[in-house]
Every structure is written in structure tokens, then in C-alpha cells.
file protein.cif (mmCIF, C-alpha atoms)
data_entry
#
loop_
_atom_site.label_atom_id
_atom_site.label_comp_id
_atom_site.auth_asym_id
_atom_site.auth_seq_id
_atom_site.Cartn_x
_atom_site.Cartn_y
_atom_site.Cartn_z
CA MET A 27 -80.65 57.71 -14.96
CA LYS A 28 -81.17 60.96 -13.04
CA MET A 29 -78.14 60.26 -10.82
CA THR A 30 -76.02 59.42 -13.83
CA SER A 31 -77.00 62.63 -15.65
CA LEU A 32 -76.34 64.68 -12.51
CA SER A 33 -72.89 63.12 -12.09
CA ILE A 34 -72.01 63.85 -15.68
CA LEU A 35 -73.18 67.46 -15.29
CA VAL A 36 -71.08 67.96 -12.12
CA LEU A 37 -68.03 66.43 -13.79
CA ALA A 38 -68.44 68.63 -16.87
CA LEU A 39 -68.75 71.77 -14.74
CA GLY A 40 -65.61 70.76 -12.83
CA LEU A 41 -63.61 70.26 -16.01
CA SER A 42 -64.87 73.57 -17.36
CA ALA A 43 -63.73 75.36 -14.21
CA CYS A 44 -60.33 73.72 -14.43
CA GLY A 45 -60.07 74.79 -18.04
CA GLN A 46 -60.96 78.37 -17.17
CA THR A 47 -58.44 78.38 -14.32
CA SER A 48 -55.70 77.06 -16.60
CA THR A 49 -56.59 79.57 -19.32
CA MET A 50 -56.67 82.46 -16.86
CA SER A 51 -53.35 81.36 -15.41
CA SER A 52 -51.80 81.25 -18.89
CA GLN A 53 -53.24 84.64 -19.75
CA ASN A 54 -51.88 86.13 -16.53
CA GLN A 55 -48.43 84.68 -17.27
CA VAL A 56 -48.48 86.06 -20.82
CA SER A 57 -49.63 89.42 -19.46
CA THR A 58 -46.75 89.42 -16.99
CA ASP A 59 -44.24 88.49 -19.69
CA LEU A 60 -45.51 91.21 -22.01
CA SER A 61 -45.42 93.74 -19.20
CA GLN A 62 -41.77 92.97 -18.61
CA ALA A 63 -40.90 92.97 -22.31
CA SER A 64 -42.78 96.22 -22.96
CA ARG A 65 -40.17 98.16 -21.02
CA LEU A 66 -38.22 98.24 -24.27
CA PRO A 67 -39.56 100.19 -27.28
CA GLN A 68 -40.45 97.98 -30.21
CA VAL A 69 -38.48 98.71 -33.35
CA PRO A 70 -40.45 98.29 -36.58
CA ALA A 71 -38.58 96.05 -39.01
CA GLY A 72 -36.61 97.87 -41.67
CA GLN A 73 -37.00 101.32 -40.13
CA GLY A 74 -34.27 103.56 -38.80
CA PRO A 75 -30.48 103.40 -38.98
CA VAL A 76 -28.47 100.95 -36.90
CA MET A 77 -25.61 101.79 -34.56
CA LEU A 78 -23.27 99.63 -32.47
CA GLN A 79 -23.52 99.65 -28.70
CA SER A 80 -21.02 98.09 -26.31
CA GLU A 81 -22.10 94.78 -24.79
CA TYR A 82 -19.61 94.76 -21.91
CA ASP A 83 -17.78 96.67 -19.25
CA VAL A 84 -14.27 95.82 -20.43
CA LYS A 85 -11.86 95.78 -17.48
CA THR A 86 -8.74 94.38 -19.11
CA VAL A 87 -7.50 93.27 -22.53
CA ASN A 88 -4.69 90.72 -22.59
CA VAL A 89 -2.68 90.44 -25.82
CA ILE A 90 -0.67 87.32 -26.53
CA VAL A 91 1.76 87.02 -29.45
CA PRO A 92 3.15 83.46 -29.25
CA ARG A 93 6.88 83.16 -29.77
CA THR A 94 6.14 80.03 -31.77
CA LEU A 95 4.91 82.18 -34.66
CA LYS A 96 7.40 82.35 -37.53
CA VAL A 97 8.84 85.77 -38.38
CA SER A 98 10.30 86.66 -41.77
CA GLU A 99 12.41 89.65 -42.79
CA ALA A 100 12.67 88.48 -46.40
CA ASN A 101 11.99 91.28 -48.88
CA THR A 102 9.88 89.21 -51.28
CA PHE A 103 6.32 89.65 -52.47
CA ARG A 104 4.89 87.06 -50.10
CA PRO A 105 7.25 85.61 -47.49
CA SER A 106 6.27 82.28 -45.97
CA ALA A 107 5.74 83.32 -42.35
CA ASP A 108 3.17 84.13 -39.67
CA ILE A 109 4.55 87.58 -38.88
CA VAL A 110 5.70 89.98 -41.58
CA TRP A 111 6.00 93.57 -40.41
CA ARG A 112 7.85 96.55 -41.82
CA GLY A 113 5.94 99.42 -40.21
CA ASP A 114 8.54 99.78 -37.44
CA LEU A 115 12.31 99.83 -37.51
CA PRO A 116 13.98 96.39 -37.35
CA GLY A 117 13.61 94.93 -33.89
CA ASP A 118 11.52 92.53 -31.83
CA ARG A 119 8.60 91.93 -34.17
CA TYR A 120 6.64 90.06 -31.50
CA ALA A 121 6.80 93.06 -29.17
CA GLN A 122 5.96 95.46 -32.00
CA VAL A 123 2.86 93.49 -33.02
CA LYS A 124 1.76 93.24 -29.39
CA ALA A 125 2.08 97.00 -28.97
CA ILE A 126 -0.10 97.58 -32.04
CA PHE A 127 -2.83 95.30 -30.69
CA GLU A 128 -2.65 96.91 -27.26
CA THR A 129 -3.03 100.39 -28.76
CA ALA A 130 -6.03 99.29 -30.84
CA ALA A 131 -7.61 97.51 -27.85
CA ALA A 132 -7.21 100.57 -25.62
CA ARG A 133 -8.84 102.79 -28.23
CA SER A 134 -11.72 100.45 -29.02
CA THR A 135 -12.67 99.70 -25.41
CA ALA A 136 -12.05 103.15 -23.90
CA SER A 137 -15.79 103.88 -23.65
CA MET A 138 -16.96 100.32 -22.93
CA HIS A 139 -18.15 100.67 -19.33
CA ILE A 140 -21.70 99.33 -19.53
CA GLY A 141 -22.81 95.74 -19.04
CA GLN A 142 -21.17 92.67 -17.59
CA PRO A 143 -17.58 93.25 -16.39
CA VAL A 144 -15.26 91.20 -18.58
CA VAL A 145 -11.67 90.44 -19.47
CA VAL A 146 -10.83 90.05 -23.16
CA ASP A 147 -8.01 87.78 -24.34
CA LEU A 148 -6.54 88.31 -27.80
CA GLU A 149 -4.10 85.76 -29.23
CA VAL A 150 -2.44 86.70 -32.50
CA VAL A 151 -2.46 83.92 -35.09
CA ARG A 152 -1.28 85.83 -38.16
CA PHE A 153 0.08 89.31 -38.77
CA HIS A 154 1.25 89.24 -42.36
CA CYS A 155 1.62 92.77 -43.73
CA LEU A 156 3.37 94.16 -46.79
CA THR A 157 7.09 93.95 -47.42
CA GLU A 158 8.97 96.87 -48.92
CA LYS A 159 8.92 95.17 -52.34
CA THR A 160 5.15 94.70 -52.25
CA ARG A 161 4.28 98.09 -50.76
CA TYR A 162 6.23 100.12 -53.31
CA THR A 163 5.00 98.16 -56.33
CA ILE A 164 1.67 96.34 -56.53
CA GLY A 165 0.32 96.74 -52.98
CA GLY A 166 -1.66 93.98 -51.32
CA VAL A 167 -3.50 92.99 -48.15
CA HIS A 168 -2.51 93.37 -44.53
CA SER A 169 -3.63 89.95 -43.24
CA MET A 170 -4.42 90.01 -39.51
CA HIS A 171 -6.04 87.04 -37.75
CA PHE A 172 -6.48 86.53 -34.03
CA LEU A 173 -8.43 84.48 -31.49
CA MET A 174 -10.74 86.39 -29.15
CA THR A 175 -12.07 85.08 -25.84
CA VAL A 176 -14.35 87.05 -23.53
CA ARG A 177 -14.34 85.99 -19.86
CA ASP A 178 -16.25 87.07 -16.78
CA ALA A 179 -13.99 89.47 -14.87
CA ALA A 180 -14.88 87.98 -11.47
CA THR A 181 -15.01 84.24 -12.14
CA GLY A 182 -12.96 83.80 -15.31
CA ALA A 183 -15.81 81.83 -16.88
CA ILE A 184 -15.85 82.01 -20.68
CA ILE A 185 -18.74 84.08 -22.02
CA GLN A 186 -17.82 83.77 -25.69
CA GLY A 187 -15.04 82.24 -27.74
CA PRO A 188 -12.36 81.52 -28.35
CA ARG A 189 -13.25 82.43 -31.92
CA MET A 190 -11.19 83.45 -34.91
CA ILE A 191 -11.44 87.08 -36.01
CA VAL A 192 -10.20 88.11 -39.46
CA ALA A 193 -9.25 91.80 -39.68
CA ASP A 194 -7.72 91.93 -43.16
CA VAL A 195 -7.43 95.35 -44.79
CA LYS A 196 -6.13 96.51 -48.17
CA GLY A 197 -2.66 98.04 -48.28
CA ALA A 198 -1.83 100.64 -50.92
CA GLY A 199 1.05 100.15 -53.33
CA GLY A 200 3.32 102.20 -55.58
CA ALA A 201 2.68 105.93 -55.93
CA ARG A 202 -0.42 105.75 -53.76
CA ALA A 203 1.54 104.17 -50.92
CA ILE A 204 4.16 106.92 -51.15
CA ALA A 205 1.43 109.59 -51.12
CA GLU A 206 -0.15 108.03 -48.05
CA GLU A 207 3.19 107.92 -46.28
CA GLU A 208 3.77 111.63 -47.02
CA ALA A 209 0.29 112.41 -45.68
CA GLY A 210 1.02 110.52 -42.45
CA ARG A 211 -1.07 107.46 -43.22
CA THR A 212 1.63 104.89 -42.61
CA GLN A 213 1.20 101.13 -42.54
CA LYS A 214 1.08 101.35 -38.75
CA VAL A 215 -1.78 103.85 -38.89
CA VAL A 216 -3.69 101.68 -41.36
CA VAL A 217 -3.44 98.44 -39.38
CA THR A 218 -4.05 100.10 -35.99
CA ASP A 219 -7.17 101.86 -37.29
CA ARG A 220 -8.43 98.61 -38.78
CA LEU A 221 -7.88 96.62 -35.58
CA THR A 222 -9.57 99.35 -33.54
CA GLU A 223 -12.60 99.21 -35.83
CA VAL A 224 -12.83 95.41 -35.78
CA LEU A 225 -12.42 95.09 -32.00
CA ARG A 226 -15.08 97.73 -31.40
CA ARG A 227 -17.44 95.87 -33.72
CA GLU A 228 -16.77 92.43 -32.24
CA LEU A 229 -17.43 93.62 -28.68
CA SER A 230 -20.64 95.45 -29.57
CA ALA A 231 -24.18 94.65 -30.62
CA PRO A 232 -26.31 96.39 -33.27
CA VAL A 233 -29.02 98.68 -31.93
CA ALA A 234 -31.69 100.29 -34.10
CA VAL A 235 -31.92 104.06 -33.84
CA MET A 236 -35.36 105.51 -34.45
CA PRO A 237 -35.99 109.00 -35.86
CA ALA A 238 -37.07 111.51 -33.21
CA ASP A 239 -40.64 111.68 -34.57
CA ALA A 240 -41.06 107.95 -35.24
CA VAL A 241 -44.21 106.25 -33.97
CA VAL A 242 -43.78 102.87 -32.31
CA THR A 243 -46.39 100.56 -30.86
CA ARG A 244 -46.64 99.42 -27.28
CA PHE A 245 -47.76 95.91 -26.42
CA ASP A 246 -51.16 97.29 -25.45
CA GLY A 247 -51.61 98.53 -29.01
CA SER A 248 -51.41 102.24 -28.27
CA PRO A 249 -49.00 104.45 -30.23
CA ALA A 250 -46.11 106.24 -28.58
CA LEU A 251 -43.88 108.97 -29.93
CA LEU A 252 -40.20 108.47 -29.22
CA ALA A 253 -39.89 112.25 -29.17
CA SER A 254 -41.85 112.26 -25.92
CA ALA A 255 -40.01 113.49 -22.85
CA ASN A 256 -40.86 110.24 -21.06
CA PRO A 257 -39.39 106.91 -22.16
CA VAL A 258 -41.68 104.29 -23.64
CA GLN A 259 -42.93 101.97 -20.90
#
call {"tool": "encode", "arguments": {"input": "protein.cif", "output": "C-alpha cells"}}
result
Amino acid sequence: MKMTSLSILVLALGLSACGQTSTMSSQNQVSTDLSQASRLPQVPAGQGPVMLQSEYDVKTVNVIVPRTLKVSEANTFRPSADIVWRGDLPGDRYAQVKAIFETAAARSTASMHIGQPVVVDLEVVRFHCLTEKTRYTIGGVHSMHFLMTVRDAATGAIIQGPRMIVADVKGAGGARAIAEEEAGRTQKVVVTDRLTEVLRRELSAPVAVMPADAVVTRFDGSPALLASANPVQ
């Protein structure tokens, strides 16, 4: 009986030690994880405005306007076509649409030099803007759809996409359209501005901006003022 009790006691102590070792190991791992995560300030939910920050270092943007898309020059309210464009003089509508996308892409990515180096492919699916008849009467919507694919600049591996982006924007009509034209806000300005805005948004991520005197909490529970000269560790 004494030997049996002693064996049980030794076994129990051994299991207890194993349990403590496992617990300590887990605690050390959690501590390490928290130490790494605590390099970033914690943003309290629902506090502070949000801004967009570029996710990538954009090296190149390739714009493709397939020649298989149907173009219409019909001056009706809603021509049946993929490309309807009157913001340039009559000419190669494919080239004109490509130039608009390239201008918007250059503007939206001009300051995107942080993060993973990437190449962005844009393939136009629809560019259906207002005809003369629509613009100078009831107005409507500039309907712009395109596929976006983001690839690693070195390997060509796809990081995201291809995914459909809808960049529709309202187009003025009648007297308002004429007033906008006289003020320099042409259809080309409207659609280029809209594409610039959408591309910038789609290649960025939301980041919370804290007030200068906001108090945040470190993982160790101690408060830290963001107004401090030193970054939160």
C-alpha cells in the first residue's frame, strides 16, 4: 500500500510539472505575440476619423480596352453598346477611353510608394456615358465598369482579383450641364475625377486617425498619449 501511494504521488507531481511547463510555455508564447502586436497603437472602436492609406508600391498600371467591346455613335437616350463616349471629338473611342483611364491611374497612384511593389491591370468592361441627346435634356449616369487585378511586380503572382469595379457617377443634364461646361467641368473632367477617386480607394486601406490628445491603451494596460514625442511601443 505504501509503495502504491508513493507511486501515485510521484506520478501526480510529474503531471503537475508537465502542466506547469505547458502553461508557462503558452504564457510565454502569448507574451511574445502581444509584444509583437503592441508595436501598433490600439484604436478604440468608434473613435477618431478614418483616412485611406495606400496598400502598395504601384510600379505600373496597364490599361486594356478590348476591341471586342461594341461602340455606338447613335444619338439616342440609351444606345445599346459597351462604349458610348462624347467627351472627345469623333475618333478612336477605344484609344480615348484608354487615355482617360491612364490619366486617372497616374493621378491616383502618384503617391503610392509604400508597401509591396505591384503591377495593376485594368480591363475596361463598360464605358457608357451620356449622348448629346441625354446630356442636354434629362441627364443620366456615366456607367463605368472595369476588372482590376493586382500582381506582384517581381513574380507576376496575383495578389488580388480580378474583380469587377463599378465607378458609376451621375451626369448633369439640361441647363445644369451647360453651366458645368461653361465652368470647365466637362464630361471628361467628371469621369476622370471619378475614376481617380475610385482607383485611389480600391488600392488603399482605411486607417483610423486619432486626435492628438487621445489616450490609447497599451497591451500592458498602461495609458499612452498619442501626442507624445515618442511613438507608442
call {"tool": "residues_around", "arguments": {"input": "protein.cif", "residues": "Pro105 in chain A", "least_positions_apart": "4", "cutoff": "10 Å", "atoms": "only C-alpha atoms", "output": "VMD selection string"}}
result
chain A and resid 97 to 101 109 to 110 154 to 157
call {"tool": "residues_around", "arguments": {"input": "protein.cif", "residues": "Arg226 in chain A", "least_positions_apart": "2", "cutoff": "8 Å", "atoms": "only C-alpha atoms", "output": "short mmCIF file (atom, residue, chain, number, x, y, z; two decimals) with C-alpha atoms, in the frame of the given file"}}
result
data_model
loop_
_atom_site.label_atom_id
_atom_site.label_comp_id
_atom_site.auth_asym_id
_atom_site.auth_seq_id
_atom_site.Cartn_x
_atom_site.Cartn_y
_atom_site.Cartn_z
CA SER A 80 -21.02 98.09 -26.31
CA SER A 134 -11.72 100.45 -29.02
CA THR A 135 -12.67 99.70 -25.41
CA THR A 222 -9.57 99.35 -33.54
CA GLU A 223 -12.60 99.21 -35.83
CA VAL A 224 -12.83 95.41 -35.78
CA GLU A 228 -16.77 92.43 -32.24
CA LEU A 229 -17.43 93.62 -28.68
CA SER A 230 -20.64 95.45 -29.57
#
call {"tool": "resolve_selection", "arguments": {"input": "protein.cif", "expression": "the PyMOL selection byres ((chain A and resi 218) around 8)", "output": "PyMOL selection string"}}
result
chain A and resi 126-127+129-130+214-217+219-222
call {"tool": "closest_residue", "arguments": {"input": "protein.cif", "among": "A:Thr181, A:Thr175, A:Ser106, A:Gln213", "to": "Val87 in chain A", "atoms": "all atoms listed in the file"}}
result
A:Thr175
call {"tool": "closest_residue", "arguments": {"input": "protein.cif", "among": "A:Val144, A:Met138, A:Val123, A:Val192", "to": "Ala179 in chain A", "atoms": "all atoms listed in the file"}}
result
A:Val144
call {"tool": "atom_distance", "arguments": {"input": "protein.cif", "atom1": "CA of Ala203 in chain A", "atom2": "CA of His168 in chain A"}}
result
13.2 Å
call {"tool": "residues_around", "arguments": {"input": "protein.cif", "residues": "Leu173 in chain A", "least_positions_apart": "5", "cutoff": "6 Å", "atoms": "all atoms listed in the file", "output": "PyMOL selection string"}}
result
chain A and resi 148-149+188-190
call {"tool": "residues_around", "arguments": {"input": "protein.cif", "residues": "Met170 in chain A", "least_positions_apart": "4", "cutoff": "6 Å", "atoms": "all atoms listed in the file", "output": "list in words"}}
result
Arg152, Phe153, Ala193 and Asp194 of chain A
call {"tool": "closest_residue", "arguments": {"input": "protein.cif", "among": "A:His171, A:Arg133, A:Arg93, A:Arg104", "to": "Asp118 in chain A", "atoms": "all atoms listed in the file"}}
result
A:Arg93
call {"tool": "atom_distance", "arguments": {"input": "protein.cif", "atom1": "CA of Ala183 in chain A", "atom2": "CA of Pro143 in chain A"}}
result
11.6 Å
call {"tool": "residues_near_point", "arguments": {"input": "protein.cif", "point": "(-17.6, 91.2, -22.4)", "cutoff": "8 Å", "atoms": "only C-alpha atoms", "output": "list in words"}}
result
Glu81, Tyr82, Asp83, Val84, Gly141, Gln142, Pro143, Val144, Val145, Val146, Val176, Arg177, Asp178, Ile185 and Leu229 of chain A
call {"tool": "closest_residue", "arguments": {"input": "protein.cif", "among": "A:Arg161, A:Ile140, A:Leu225, A:Trp111", "to": "Lys196 in chain A", "atoms": "all atoms listed in the file"}}
result
A:Arg161
call {"tool": "atom_distance", "arguments": {"input": "protein.cif", "atom1": "CA of Phe172 in chain A", "atom2": "CA of Thr94 in chain A"}}
result
14.4 Å
call {"tool": "closest_residue", "arguments": {"input": "protein.cif", "among": "A:Val151, A:Met174, A:Ala125, A:Ala180", "to": "Asp108 in chain A", "atoms": "all atoms listed in the file"}}
result
A:Val151
call {"tool": "decode", "arguments": {"input": "protein.cif", "residues": "range 125-167 of chain A", "atoms": "N, CA and C atoms", "output": "PDB file, in the first residue's frame"}}
result
ATOM      1  N   ALA A 125      -6.970  56.428 -72.752  1.00  0.00           N
ATOM      2  CA  ALA A 125      -6.260  57.620 -72.283  1.00  0.00           C
ATOM      3  C   ALA A 125      -6.872  58.172 -70.996  1.00  0.00           C
ATOM      4  N   ILE A 126      -8.193  58.123 -70.901  1.00  0.00           N
ATOM      5  CA  ILE A 126      -8.873  58.596 -69.690  1.00  0.00           C
ATOM      6  C   ILE A 126      -8.487  57.736 -68.489  1.00  0.00           C
ATOM      7  N   PHE A 127      -8.505  56.422 -68.671  1.00  0.00           N
ATOM      8  CA  PHE A 127      -8.122  55.524 -67.581  1.00  0.00           C
ATOM      9  C   PHE A 127      -6.662  55.712 -67.191  1.00  0.00           C
ATOM     10  N   GLU A 128      -5.807  55.907 -68.169  1.00  0.00           N
ATOM     11  CA  GLU A 128      -4.383  56.086 -67.875  1.00  0.00           C
ATOM     12  C   GLU A 128      -4.134  57.376 -67.094  1.00  0.00           C
ATOM     13  N   THR A 129      -4.851  58.433 -67.453  1.00  0.00           N
ATOM     14  CA  THR A 129      -4.725  59.693 -66.713  1.00  0.00           C
ATOM     15  C   THR A 129      -5.181  59.519 -65.271  1.00  0.00           C
ATOM     16  N   ALA A 130      -6.334  58.878 -65.084  1.00  0.00           N
ATOM     17  CA  ALA A 130      -6.864  58.648 -63.737  1.00  0.00           C
ATOM     18  C   ALA A 130      -5.925  57.761 -62.924  1.00  0.00           C
ATOM     19  N   ALA A 131      -5.380  56.726 -63.555  1.00  0.00           N
ATOM     20  CA  ALA A 131      -4.470  55.810 -62.858  1.00  0.00           C
ATOM     21  C   ALA A 131      -3.196  56.529 -62.431  1.00  0.00           C
ATOM     22  N   ALA A 132      -2.661  57.374 -63.304  1.00  0.00           N
ATOM     23  CA  ALA A 132      -1.444  58.114 -62.969  1.00  0.00           C
ATOM     24  C   ALA A 132      -1.684  59.046 -61.783  1.00  0.00           C
ATOM     25  N   ARG A 133      -2.830  59.691 -61.773  1.00  0.00           N
ATOM     26  CA  ARG A 133      -3.151  60.608 -60.672  1.00  0.00           C
ATOM     27  C   ARG A 133      -3.348  59.852 -59.355  1.00  0.00           C
ATOM     28  N   SER A 134      -4.093  58.775 -59.416  1.00  0.00           N
ATOM     29  CA  SER A 134      -4.449  58.057 -58.182  1.00  0.00           C
ATOM     30  C   SER A 134      -3.278  57.329 -57.553  1.00  0.00           C
ATOM     31  N   THR A 135      -2.306  56.912 -58.349  1.00  0.00           N
ATOM     32  CA  THR A 135      -1.186  56.135 -57.811  1.00  0.00           C
ATOM     33  C   THR A 135       0.097  56.943 -57.683  1.00  0.00           C
ATOM     34  N   ALA A 136       0.053  58.223 -57.975  1.00  0.00           N
ATOM     35  CA  ALA A 136       1.259  59.055 -57.978  1.00  0.00           C
ATOM     36  C   ALA A 136       2.015  59.015 -56.652  1.00  0.00           C
ATOM     37  N   SER A 137       1.291  58.899 -55.546  1.00  0.00           N
ATOM     38  CA  SER A 137       1.942  58.901 -54.230  1.00  0.00           C
ATOM     39  C   SER A 137       1.977  57.518 -53.587  1.00  0.00           C
ATOM     40  N   MET A 138       1.645  56.485 -54.351  1.00  0.00           N
ATOM     41  CA  MET A 138       1.616  55.125 -53.792  1.00  0.00           C
ATOM     42  C   MET A 138       2.987  54.466 -53.939  1.00  0.00           C
ATOM     43  N   HIS A 139       3.855  54.711 -52.943  1.00  0.00           N
ATOM     44  CA  HIS A 139       5.216  54.184 -52.986  1.00  0.00           C
ATOM     45  C   HIS A 139       5.587  53.434 -51.710  1.00  0.00           C
ATOM     46  N   ILE A 140       4.573  52.974 -50.981  1.00  0.00           N
ATOM     47  CA  ILE A 140       4.822  52.264 -49.729  1.00  0.00           C
ATOM     48  C   ILE A 140       4.143  50.899 -49.799  1.00  0.00           C
ATOM     49  N   GLY A 141       4.861  49.868 -49.357  1.00  0.00           N
ATOM     50  CA  GLY A 141       4.270  48.533 -49.343  1.00  0.00           C
ATOM     51  C   GLY A 141       4.864  47.631 -50.403  1.00  0.00           C
ATOM     52  N   GLN A 142       4.159  46.569 -50.692  1.00  0.00           N
ATOM     53  CA  GLN A 142       4.621  45.579 -51.657  1.00  0.00           C
ATOM     54  C   GLN A 142       4.611  46.157 -53.074  1.00  0.00           C
ATOM     55  N   PRO A 143       5.706  46.034 -53.814  1.00  0.00           N
ATOM     56  CA  PRO A 143       5.729  46.509 -55.202  1.00  0.00           C
ATOM     57  C   PRO A 143       4.767  45.691 -56.067  1.00  0.00           C
ATOM     58  N   VAL A 144       3.901  46.387 -56.783  1.00  0.00           N
ATOM     59  CA  VAL A 144       2.883  45.685 -57.571  1.00  0.00           C
ATOM     60  C   VAL A 144       2.706  46.298 -58.950  1.00  0.00           C
ATOM     61  N   VAL A 145       2.066  45.518 -59.813  1.00  0.00           N
ATOM     62  CA  VAL A 145       1.596  45.964 -61.112  1.00  0.00           C
ATOM     63  C   VAL A 145       0.082  45.830 -61.092  1.00  0.00           C
ATOM     64  N   VAL A 146      -0.611  46.836 -61.575  1.00  0.00           N
ATOM     65  CA  VAL A 146      -2.082  46.828 -61.575  1.00  0.00           C
ATOM     66  C   VAL A 146      -2.579  46.735 -63.016  1.00  0.00           C
ATOM     67  N   ASP A 147      -3.448  45.771 -63.270  1.00  0.00           N
ATOM     68  CA  ASP A 147      -4.057  45.608 -64.591  1.00  0.00           C
ATOM     69  C   ASP A 147      -5.510  46.049 -64.534  1.00  0.00           C
ATOM     70  N   LEU A 148      -5.896  46.921 -65.442  1.00  0.00           N
ATOM     71  CA  LEU A 148      -7.280  47.394 -65.533  1.00  0.00           C
ATOM     72  C   LEU A 148      -7.822  47.023 -66.901  1.00  0.00           C
ATOM     73  N   GLU A 149      -8.918  46.279 -66.928  1.00  0.00           N
ATOM     74  CA  GLU A 149      -9.555  45.913 -68.195  1.00  0.00           C
ATOM     75  C   GLU A 149     -10.959  46.508 -68.231  1.00  0.00           C
ATOM     76  N   VAL A 150     -11.181  47.395 -69.164  1.00  0.00           N
ATOM     77  CA  VAL A 150     -12.476  48.064 -69.273  1.00  0.00           C
ATOM     78  C   VAL A 150     -13.527  47.080 -69.773  1.00  0.00           C
ATOM     79  N   VAL A 151     -14.652  47.060 -69.075  1.00  0.00           N
ATOM     80  CA  VAL A 151     -15.778  46.201 -69.444  1.00  0.00           C
ATOM     81  C   VAL A 151     -16.929  47.038 -70.011  1.00  0.00           C
ATOM     82  N   ARG A 152     -17.083  48.232 -69.467  1.00  0.00           N
ATOM     83  CA  ARG A 152     -18.184  49.109 -69.901  1.00  0.00           C
ATOM     84  C   ARG A 152     -17.791  50.562 -69.674  1.00  0.00           C
ATOM     85  N   PHE A 153     -18.035  51.388 -70.665  1.00  0.00           N
ATOM     86  CA  PHE A 153     -17.790  52.816 -70.547  1.00  0.00           C
ATOM     87  C   PHE A 153     -18.916  53.508 -71.301  1.00  0.00           C
ATOM     88  N   HIS A 154     -20.060  53.563 -70.645  1.00  0.00           N
ATOM     89  CA  HIS A 154     -21.300  54.021 -71.284  1.00  0.00           C
ATOM     90  C   HIS A 154     -21.683  55.365 -70.688  1.00  0.00           C
ATOM     91  N   CYS A 155     -21.274  56.444 -71.346  1.00  0.00           N
ATOM     92  CA  CYS A 155     -21.553  57.787 -70.855  1.00  0.00           C
ATOM     93  C   CYS A 155     -22.732  58.405 -71.599  1.00  0.00           C
ATOM     94  N   LEU A 156     -22.929  59.688 -71.428  1.00  0.00           N
ATOM     95  CA  LEU A 156     -24.139  60.327 -71.962  1.00  0.00           C
ATOM     96  C   LEU A 156     -23.966  60.773 -73.403  1.00  0.00           C
ATOM     97  N   THR A 157     -24.995  60.556 -74.190  1.00  0.00           N
ATOM     98  CA  THR A 157     -25.023  61.061 -75.563  1.00  0.00           C
ATOM     99  C   THR A 157     -25.413  62.542 -75.515  1.00  0.00           C
ATOM    100  N   GLU A 158     -25.287  63.205 -76.645  1.00  0.00           N
ATOM    101  CA  GLU A 158     -25.675  64.614 -76.710  1.00  0.00           C
ATOM    102  C   GLU A 158     -27.151  64.789 -76.320  1.00  0.00           C
ATOM    103  N   LYS A 159     -27.996  63.898 -76.817  1.00  0.00           N
ATOM    104  CA  LYS A 159     -29.440  63.987 -76.560  1.00  0.00           C
ATOM    105  C   LYS A 159     -29.741  63.858 -75.070  1.00  0.00           C
ATOM    106  N   THR A 160     -29.041  62.963 -74.402  1.00  0.00           N
ATOM    107  CA  THR A 160     -29.268  62.755 -72.970  1.00  0.00           C
ATOM    108  C   THR A 160     -28.682  63.894 -72.151  1.00  0.00           C
ATOM    109  N   ARG A 161     -27.471  64.299 -72.495  1.00  0.00           N
ATOM    110  CA  ARG A 161     -26.777  65.323 -71.704  1.00  0.00           C
ATOM    111  C   ARG A 161     -27.506  66.657 -71.731  1.00  0.00           C
ATOM    112  N   TYR A 162     -28.078  67.034 -72.854  1.00  0.00           N
ATOM    113  CA  TYR A 162     -28.697  68.349 -72.951  1.00  0.00           C
ATOM    114  C   TYR A 162     -30.200  68.325 -72.711  1.00  0.00           C
ATOM    115  N   THR A 163     -30.681  67.204 -72.146  1.00  0.00           N
ATOM    116  CA  THR A 163     -32.096  67.128 -71.745  1.00  0.00           C
ATOM    117  C   THR A 163     -32.210  66.640 -70.295  1.00  0.00           C
ATOM    118  N   ILE A 164     -32.334  65.345 -70.118  1.00  0.00           N
ATOM    119  CA  ILE A 164     -32.640  64.811 -68.783  1.00  0.00           C
ATOM    120  C   ILE A 164     -31.414  64.442 -67.944  1.00  0.00           C
ATOM    121  N   GLY A 165     -30.238  64.337 -68.566  1.00  0.00           N
ATOM    122  CA  GLY A 165     -29.070  63.894 -67.813  1.00  0.00           C
ATOM    123  C   GLY A 165     -29.150  62.395 -67.552  1.00  0.00           C
ATOM    124  N   GLY A 166     -28.197  61.865 -66.829  1.00  0.00           N
ATOM    125  CA  GLY A 166     -28.206  60.425 -66.560  1.00  0.00           C
ATOM    126  C   GLY A 166     -26.997  59.990 -65.758  1.00  0.00           C
ATOM    127  N   VAL A 167     -26.510  58.794 -66.054  1.00  0.00           N
ATOM    128  CA  VAL A 167     -25.387  58.223 -65.296  1.00  0.00           C
ATOM    129  C   VAL A 167     -24.269  57.813 -66.243  1.00  0.00           C
TER     130      VAL A 167
END
